[in-house]
file target_18.txt (compact mmCIF, C-alpha atoms)
# COMPACT_ATOMS: atom_id res chain seq x y z
CA MET M 265 25.90 6.95 39.15
CA SER M 266 22.27 6.72 38.01
CA GLU M 267 21.29 6.23 34.39
CA LEU M 268 20.15 9.34 32.53
CA LYS M 269 16.46 9.06 31.60
CA LEU M 270 15.66 10.67 28.27
CA PRO M 271 12.11 11.85 27.63
CA SER M 272 10.12 9.98 25.00
CA LEU M 273 8.39 11.61 22.08
CA ASN M 274 5.29 9.97 20.65
CA LYS M 275 4.05 12.21 17.82
CA VAL M 276 2.68 11.18 14.42
CA MET M 277 1.71 13.21 11.35
CA ILE M 278 0.23 11.40 8.36
CA THR M 279 -1.83 12.31 5.31
CA GLY M 280 -4.09 10.03 3.36
CA ARG M 281 -7.63 9.21 2.35
CA LEU M 282 -10.33 7.57 4.44
CA THR M 283 -10.98 3.94 3.53
CA ARG M 284 -14.51 4.02 4.95
CA ASP M 285 -17.01 6.44 6.48
CA PRO M 286 -16.18 7.37 10.10
CA GLU M 287 -17.79 5.04 12.66
CA VAL M 288 -19.03 6.96 15.70
CA ARG M 289 -20.06 5.42 19.01
CA TYR M 290 -20.70 6.84 22.46
CA ILE M 291 -19.19 5.33 25.58
CA GLN M 292 -21.23 4.93 28.78
CA THR M 293 -20.43 8.47 29.93
CA GLY M 294 -21.79 9.93 26.67
CA VAL M 295 -18.39 10.81 25.19
CA ALA M 296 -18.13 10.38 21.42
CA VAL M 297 -15.41 8.18 19.92
CA ALA M 298 -14.87 7.81 16.16
CA LYS M 299 -12.87 5.18 14.34
CA LEU M 300 -11.34 6.18 11.00
CA GLY M 301 -9.54 3.99 8.49
CA LEU M 302 -6.75 5.80 6.66
CA ALA M 303 -4.73 4.77 3.59
CA SER M 304 -1.47 6.64 3.01
CA ASN M 305 0.44 6.11 -0.24
CA ARG M 306 4.08 6.62 -1.09
CA TYR M 307 5.81 6.19 -4.40
CA ILE M 308 9.26 4.70 -4.81
CA ARG M 309 11.47 4.19 -7.86
CA ASP M 310 11.07 0.77 -9.45
CA ARG M 311 13.16 -0.03 -12.51
CA ASP M 312 11.11 -3.15 -13.22
CA SER M 313 7.76 -1.37 -13.65
CA ALA M 314 6.63 0.26 -16.90
CA SER M 315 6.13 3.65 -15.26
CA GLY M 316 9.37 3.55 -13.27
CA TRP M 317 7.44 3.92 -10.02
CA LYS M 318 5.93 1.55 -7.49
CA GLU M 319 3.16 2.52 -5.08
CA GLU M 320 3.15 1.33 -1.47
CA THR M 321 0.08 1.81 0.69
CA CYS M 322 0.05 1.88 4.49
CA PHE M 323 -3.31 1.28 6.19
CA VAL M 324 -3.76 2.82 9.64
CA ASP M 325 -6.62 2.94 12.15
CA VAL M 326 -7.25 6.33 13.75
CA THR M 327 -9.30 7.01 16.89
CA ALA M 328 -10.74 10.46 17.61
CA TRP M 329 -12.48 11.50 20.84
CA ARG M 330 -15.12 14.02 21.95
CA GLU M 331 -15.88 17.02 19.70
CA LEU M 332 -13.16 15.96 17.28
CA ALA M 333 -14.96 12.63 16.78
CA GLU M 334 -18.28 14.38 16.12
CA ARG M 335 -16.75 16.89 13.69
CA CYS M 336 -15.05 14.09 11.76
CA ALA M 337 -18.33 12.15 11.56
CA ASP M 338 -20.21 15.25 10.37
CA SER M 339 -17.66 16.40 7.78
CA LEU M 340 -15.81 13.35 6.46
CA LYS M 341 -16.72 10.35 4.34
CA LYS M 342 -14.96 7.52 2.54
CA GLY M 343 -12.36 9.00 0.19
CA SER M 344 -11.93 12.26 2.14
CA SER M 345 -8.37 13.53 2.21
CA VAL M 346 -7.05 14.40 5.70
CA LEU M 347 -3.92 15.19 7.66
CA VAL M 348 -3.92 13.56 11.08
CA GLU M 349 -1.72 14.61 13.99
CA GLY M 350 -1.64 12.47 17.09
CA ARG M 351 0.20 9.76 18.96
CA LEU M 352 0.68 6.03 18.56
CA GLN M 353 -1.08 3.71 20.98
CA SER M 354 -0.64 -0.05 21.13
CA ARG M 355 -3.58 -2.34 21.67
CA SER M 356 -4.01 -6.07 22.12
CA TRP M 357 -6.92 -8.43 21.66
CA GLU M 358 -7.72 -12.09 21.29
CA ASP M 359 -8.54 -13.27 17.77
CA LYS M 360 -12.10 -14.63 17.88
CA GLU M 361 -11.41 -17.32 15.26
CA THR M 362 -8.01 -18.64 16.38
CA GLY M 363 -7.96 -17.58 20.05
CA LYS M 364 -4.44 -16.21 19.56
CA LYS M 365 -3.36 -12.93 21.13
CA ARG M 366 -2.90 -10.16 18.56
CA THR M 367 -1.40 -6.69 18.85
CA GLY M 368 -1.60 -3.55 16.74
CA LEU M 369 -0.83 0.15 16.64
CA ASP M 370 -3.43 2.87 16.22
CA ILE M 371 -3.17 6.62 16.02
CA VAL M 372 -5.05 8.58 18.69
CA ALA M 373 -5.82 11.87 16.93
CA ASP M 374 -5.18 15.23 18.53
CA ARG M 375 -6.04 17.10 15.34
CA VAL M 376 -7.57 16.22 11.97
CA GLN M 377 -7.20 18.71 9.14
CA PHE M 378 -9.71 18.32 6.32
CA LEU M 379 -7.86 18.71 3.02
CA ASP M 380 -10.74 18.42 0.52
CA ARG M 381 -12.82 21.28 -0.78
CA ARG M 382 -16.58 21.02 -0.41
CA GLY M 383 -18.78 20.55 -3.48
CA ASP M 384 -20.36 23.99 -2.96
CA GLY M 385 -17.09 25.76 -3.80
CA GLN M 386 -16.29 26.63 -0.19
CA SER M 387 -13.31 25.26 1.64
CA ALA M 388 -13.87 22.59 4.24
CA PRO M 389 -13.12 23.53 7.86
CA ALA M 390 -9.41 24.11 8.29
CA TYR M 391 -9.24 21.48 11.01
CA ALA M 392 -11.04 19.76 13.79
CA GLY M 393 -9.28 19.67 17.12
CA GLY M 394 -7.01 22.02 18.93
CA GLY M 395 -7.62 23.59 22.29
CA GLN M 396 -7.48 20.86 24.92
CA SER M 397 -5.64 17.82 23.64
CA GLN M 398 -8.17 15.26 22.46
CA SER M 399 -6.02 12.48 23.87
CA ALA M 400 -5.79 13.98 27.33
CA ALA M 401 -8.50 12.92 29.69
CA PRO M 402 -9.55 13.79 33.20
CA GLY M 403 -7.87 11.48 35.67
CA GLY M 404 -4.97 10.77 33.33
CA SER M 405 -6.64 7.99 31.35
CA SER M 406 -5.18 7.52 27.89
CA GLN M 407 -8.44 6.09 26.54
CA GLY M 408 -10.59 9.19 26.88
CA ASP M 409 -12.68 8.43 29.95
CA GLY M 410 -11.26 5.08 30.99
CA ASP M 411 -13.84 2.99 29.12
CA ASP M 412 -12.89 0.58 26.39
CA ILE M 413 -13.33 1.79 22.84
CA PRO M 414 -16.71 0.40 21.75
CA PHE M 415 -15.54 -1.14 18.44
call {"tool": "encode", "arguments": {"input": "target_18.txt", "output": "C-alpha cells"}}
result
Amino acid sequence: MSELKLPSLNKVMITGRLTRDPEVRYIQTGVAVAKLGLASNRYIRDRDSASGWKEETCFVDVTAWRELAERCADSLKKGSSVLVEGRLQSRSWEDKETGKKRTGLDIVADRVQFLDRRGDGQSAPAYAGGGQSQSAAPGGSSQGDGDDIPF
C-alpha cells in the first residue's frame, strides 16, 4: 500500500512597517525585483513590566517581482504600513566574513496592500499585485526569471 501524499500549503500573511526604503534592481532580462524589510510587532502579557505588556518584534525580508516591485518602490518608504501576502522561500549563502554557510527564510510577495493614507488626504492604492501571481514565472522558475536576486 503506497503512502498517502498530502498537498503542502505555503501561504503567509503579515502586517508591519517597512524598516527601510524599498531597494529596486533589475535582473538581466529587465524584470524589476524589490527587496523590502518588514518589522511586525506583537504584544504579550508580562507581569514583570510596568505596563503589563511586552513587545516582541519579528524582522522579515520580503521580495517583490515585476510590476509589484515597481509599485512598491513608487508608493512606499521607510515606516510605511503594509499587509503582505505571499509564500515562504528558503535561501542559503556563504558568510563573507566567516566563510560559514548560512540559511534564512524570506517572503516572496504575491500582493502588498498599502495601509497608510497619503499626506494629501487621499487613500493610498488599495493594493499592488493581483492578476497573475507575482511569484509564478514562465518556465516554472520560483525566482522570477531564473536569475539570482541581485542583492
call {"tool": "residues_around", "arguments": {"input": "target_18.txt", "residues": "M:Leu369", "least_positions_apart": "5", "cutoff": "9 Å", "atoms": "all atoms listed in the file", "output": "list in words"}}
result
Val324, Asp325, Leu352, Gln353, Ser354, Arg355 and Ser356 of chain M
call {"tool": "closest_residue", "arguments": {"input": "target_18.txt", "among": "M:Leu282, M:Val297, M:Ala303, M:Leu268", "to": "M:Trp329", "atoms": "all atoms listed in the file"}}
result
M:Val297
call {"tool": "atom_distance", "arguments": {"input": "target_18.txt", "atom1": "atom CA of M:Ala373", "atom2": "atom CA of M:Leu302"}}
result
12.0 Å
call {"tool": "residues_around", "arguments": {"input": "target_18.txt", "residues": "M:Arg309", "least_positions_apart": "3", "cutoff": "8 Å", "atoms": "all atoms listed in the file", "output": "list in words"}}
result
Gly316, Trp317 and Lys318 of chain M
call {"tool": "closest_residue", "arguments": {"input": "target_18.txt", "among": "M:Arg306, M:Glu287, M:Ala298, M:Lys341", "to": "M:Val372", "atoms": "all atoms listed in the file"}}
result
M:Ala298
call {"tool": "atom_distance", "arguments": {"input": "target_18.txt", "atom1": "atom CA of M:Trp357", "atom2": "atom CA of M:Ser304"}}
result
24.6 Å
call {"tool": "closest_residue", "arguments": {"input": "target_18.txt", "among": "M:Pro286, M:Gln377, M:Arg311, M:Ser266", "to": "M:Leu347", "atoms": "all atoms listed in the file"}}
result
M:Gln377
call {"tool": "closest_residue", "arguments": {"input": "target_18.txt", "among": "M:Tyr307, M:Lys364, M:Lys342, M:Ala296", "to": "M:Thr283", "atoms": "all atoms listed in the file"}}
result
M:Lys342
call {"tool": "atom_distance", "arguments": {"input": "target_18.txt", "atom1": "atom CA of M:Glu331", "atom2": "atom CA of M:Thr293"}}
result
14.1 Å
call {"tool": "decode", "arguments": {"input": "target_18.txt", "residues": "stretch 341-362 of chain M", "atoms": "N, CA, C and O atoms", "output": "short mmCIF file (atom, residue, chain, number, x, y, z; two decimals), in the first residue's frame"}}
result
data_model
loop_
_atom_site.label_atom_id
_atom_site.label_comp_id
_atom_site.auth_asym_id
_atom_site.auth_seq_id
_atom_site.Cartn_x
_atom_site.Cartn_y
_atom_site.Cartn_z
N LYS M 341 7.78 53.84 1.51
CA LYS M 341 9.04 54.35 2.06
C LYS M 341 9.20 53.80 3.47
O LYS M 341 8.28 53.17 4.01
N LYS M 342 10.35 54.01 4.05
CA LYS M 342 10.60 53.56 5.41
C LYS M 342 9.47 54.05 6.32
O LYS M 342 9.06 55.20 6.25
N GLY M 343 8.94 53.14 7.12
CA GLY M 343 7.85 53.47 8.04
C GLY M 343 6.46 53.20 7.49
O GLY M 343 5.48 53.21 8.24
N SER M 344 6.35 52.95 6.17
CA SER M 344 5.03 52.66 5.58
C SER M 344 4.46 51.40 6.20
O SER M 344 5.16 50.41 6.43
N SER M 345 3.15 51.42 6.43
CA SER M 345 2.44 50.27 6.98
C SER M 345 1.85 49.46 5.83
O SER M 345 1.20 50.02 4.94
N VAL M 346 2.10 48.14 5.83
CA VAL M 346 1.66 47.28 4.74
C VAL M 346 1.15 45.94 5.27
O VAL M 346 1.49 45.52 6.37
N LEU M 347 0.33 45.30 4.47
CA LEU M 347 -0.04 43.90 4.65
C LEU M 347 0.55 43.16 3.46
O LEU M 347 0.32 43.55 2.31
N VAL M 348 1.31 42.13 3.72
CA VAL M 348 1.95 41.35 2.67
C VAL M 348 1.35 39.95 2.66
O VAL M 348 1.22 39.32 3.71
N GLU M 349 0.97 39.49 1.47
CA GLU M 349 0.55 38.11 1.27
C GLU M 349 1.55 37.48 0.32
O GLU M 349 1.95 38.08 -0.67
N GLY M 350 1.95 36.26 0.63
CA GLY M 350 2.91 35.59 -0.24
C GLY M 350 3.23 34.20 0.25
O GLY M 350 2.41 33.55 0.89
N ARG M 351 4.45 33.78 -0.04
CA ARG M 351 4.89 32.44 0.35
C ARG M 351 6.30 32.52 0.90
O ARG M 351 7.06 33.44 0.58
N LEU M 352 6.64 31.56 1.75
CA LEU M 352 7.99 31.49 2.30
C LEU M 352 8.92 30.83 1.29
O LEU M 352 8.52 29.90 0.60
N GLN M 353 10.15 31.32 1.24
CA GLN M 353 11.16 30.72 0.39
C GLN M 353 12.47 30.70 1.16
O GLN M 353 12.89 31.72 1.72
N SER M 354 13.11 29.54 1.20
CA SER M 354 14.39 29.45 1.90
C SER M 354 15.51 29.86 0.96
O SER M 354 15.41 29.73 -0.26
N ARG M 355 16.56 30.38 1.55
CA ARG M 355 17.74 30.75 0.77
C ARG M 355 18.97 30.39 1.58
O ARG M 355 18.91 30.25 2.79
N SER M 356 20.08 30.22 0.90
CA SER M 356 21.33 29.94 1.58
C SER M 356 22.44 30.75 0.93
O SER M 356 22.37 31.08 -0.26
N TRP M 357 23.45 31.07 1.72
CA TRP M 357 24.58 31.84 1.23
C TRP M 357 25.78 31.56 2.13
O TRP M 357 25.65 30.97 3.19
N GLU M 358 26.93 31.98 1.65
CA GLU M 358 28.14 31.83 2.44
C GLU M 358 28.48 33.17 3.06
O GLU M 358 28.56 34.19 2.36
N ASP M 359 28.65 33.20 4.38
CA ASP M 359 29.01 34.41 5.09
C ASP M 359 30.38 34.89 4.61
O ASP M 359 31.35 34.13 4.64
N LYS M 360 30.46 36.13 4.16
CA LYS M 360 31.70 36.65 3.60
C LYS M 360 32.81 36.77 4.65
O LYS M 360 33.98 36.63 4.33
N GLU M 361 32.43 37.04 5.90
CA GLU M 361 33.44 37.22 6.95
C GLU M 361 33.95 35.89 7.51
O GLU M 361 35.14 35.72 7.71
N THR M 362 33.02 34.96 7.77
CA THR M 362 33.41 33.70 8.43
C THR M 362 33.56 32.54 7.46
O THR M 362 34.17 31.53 7.79
#
